[in-house]
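Structure, as structure tokens:
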Amino acid sequence: MVTSDQRRRQLAREKYERQQKRRAEARKKGRQRLAVIGAVVAVVIATLVGLIVGGVFDSDKDTKDTAADPSASATPPEPKQSPSPEMAIDQKGKYTFALKTSAGDITFAMDAAKTPQTVNSFKALADKGYFDNTKCHRLTAGGIFVLQCGDPEGTGRGGPGYNIPDENLDSLGKANEQGQVIYPAGTVAMANTGQPGSGGSQFFLVYKDSPLTPTYTPFGRIDAAGLKVLEEIAKAGTVDGGQDGAPKNDVKIEKGTVTQN
């Protein structure tokens with residue numbers, strides 16, 4: 001027979017064993033919770049490190065590599081808004097744009113019948129001296145062969161504060177399998193951001209046949225004397241000897257004048 005003392009001791013032992021079991025289970029659950037929390041924290045830290053290394057939080061990082069596309073003829077202009085000029089030219093007339101530059105005179109003919117919006121804009125800008133004392137900021141010597149001008153800031157980001165529509169885009173023939181046409185030497189065309197209807201005041205002068213997508217309004221033709229000046233500018237190369245950069249010898253437009261023939 002179990003005495004009362006033995007029974008009490010047995011009950012106490014069973015109670016103690018139950019307590020120990022509950023404590024062991026609690027410790028196990030605690031370790032499991034800590035393991036889960038640790039895994040979550042590790043994932044969050046790894047994600048944050050990846051984002052920081054990837055530059056997601058770098059507000060100064062330029063997300064567009066403009067140098068990756070050699071045919072891009074202009075970077076987006078600064079958001080300065082101005083009204084586009086009212087139509088004030090003879091839309092059937094012939095016009096001449098005469099550039100007096102530090103490297104020599106470059107003159108090109110413009111046909112208003114083919115590019116009325118472009119010619120009207122350039123005449124309006126030239127009449128108020130917009131192009132005077134500005135630099136041609138870009139020379140390319142690989143893939144495409146152009147001198148780019150028309151930015152009063154000289155950075156490739158300047159413009160008149162308005163855009164003009166694309167014109168005359170089918171005049172250079174059908175695009176090849178690469179989606180390109182040849183812009184012949186002597187052509188003057190509008191630079192843009194790569195988006196339709198984004199031309200402003202920047203333009204490029206082609207000194208050697210250049211394959212480009214037919215998205216840049218061709219609106220002028222350089223005369224023989226002007227093309228020779230342009231070729232001499234190109235021979236000097238860029239300031240750093242690369243294929244795309246500022247001309248080694250500064251090219252400054254001292255005066256830009258548009259007249260009707």
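Simple scheme: letters A, B, ... for chains in structure tokens order, numbers from 1 for residues in each chain, numbers from 1 for ligands in the order shown.
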
Got a sec to tell me which of segment 96-250 of chain A DSSP assigns to strand (DSSP E), as an MDAnalysis selection string? chainID A and resid 96:101 104:111 134:135 138:140 146:149 181:183 187:190 203:206 210:212 218:222 244:245

Task: Between atom CA of Glu254 of chain A and atom CA of Leu99 of chain A, distance in Å (one decimal) - done: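 One can read the atom CA of Glu254 of chain A to atom CA of Leu99 of chain A distance as 7.6 Å.
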
#### Entry: A:Lys21, A:Lys135, A:Lys123, A:Lys228 ranked by distance to Thr101 of chain A, top pick (using only C-alpha atoms)
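Closest to Thr101 of chain A, using only C-alpha atoms: A:Lys135.
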
Between A:Gln117, A:His137, A:Pro160, A:Ile233, single out the one closest to Ser82 of chain A, counting only C-alpha atoms.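 Nearest candidate to Ser82 of chain A out of A:Gln117, A:His137, A:Pro160, A:Ile233: A:Pro160.
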
Review point. Given the choices A:Pro196, A:Gly186, A:Pro83, A:Gly154, which gets closest to Pro218 of chain A if the distance is worked out from only C-alpha atoms?
Key: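 Nearest to Pro218 of chain A: A:Gly186.
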
Correct to one decimal, the distance atom CA of Thr213 of chain A-atom CA of Leu172 of chain A is 10.3 Å

>> Using DSSP assignments from the backbone, pull out every residue in segment 132-227 of chain A that falls under helix (DSSP H, G or I) and give it to me as an NGL selection string.
In response: :A and (224-227)

Taking N, CA, C and O atoms for each residue, export the selection above as a PDB file, in the first residue's frame.
ATOM      1  N   ALA A 224      28.952  74.088-101.381  1.00  0.00           N
ATOM      2  CA  ALA A 224      30.268  73.447-101.505  1.00  0.00           C
ATOM      3  C   ALA A 224      31.311  74.094-100.593  1.00  0.00           C
ATOM      4  O   ALA A 224      32.108  73.408 -99.946  1.00  0.00           O
ATOM      5  N   ALA A 225      31.311  75.422-100.541  1.00  0.00           N
ATOM      6  CA  ALA A 225      32.288  76.124 -99.713  1.00  0.00           C
ATOM      7  C   ALA A 225      32.067  75.823 -98.234  1.00  0.00           C
ATOM      8  O   ALA A 225      33.021  75.612 -97.471  1.00  0.00           O
ATOM      9  N   GLY A 226      30.821  75.786 -97.831  1.00  0.00           N
ATOM     10  CA  GLY A 226      30.510  75.500 -96.440  1.00  0.00           C
ATOM     11  C   GLY A 226      30.884  74.078 -96.051  1.00  0.00           C
ATOM     12  O   GLY A 226      31.336  73.829 -94.930  1.00  0.00           O
ATOM     13  N   LEU A 227      30.715  73.146 -96.991  1.00  0.00           N
ATOM     14  CA  LEU A 227      31.065  71.753 -96.711  1.00  0.00           C
ATOM     15  C   LEU A 227      32.576  71.600 -96.497  1.00  0.00           C
ATOM     16  O   LEU A 227      33.018  70.833 -95.643  1.00  0.00           O
TER      17      LEU A 227
END

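Excluding Val229 of chain A and any residue on its chain fewer than 4 positions from it, the residues at most 12 Å away by only C-alpha atoms are Leu99, Lys100, Thr101, Ser102, Ala103, Gly104, Asp105, Ile106, Thr107, Leu147, Gly186, Leu205, Val206, Tyr207, Ile222, Asp223, Ala224, Ala225, Ile233, Ala234, Lys235, Ala236 and Val251 of chain A.
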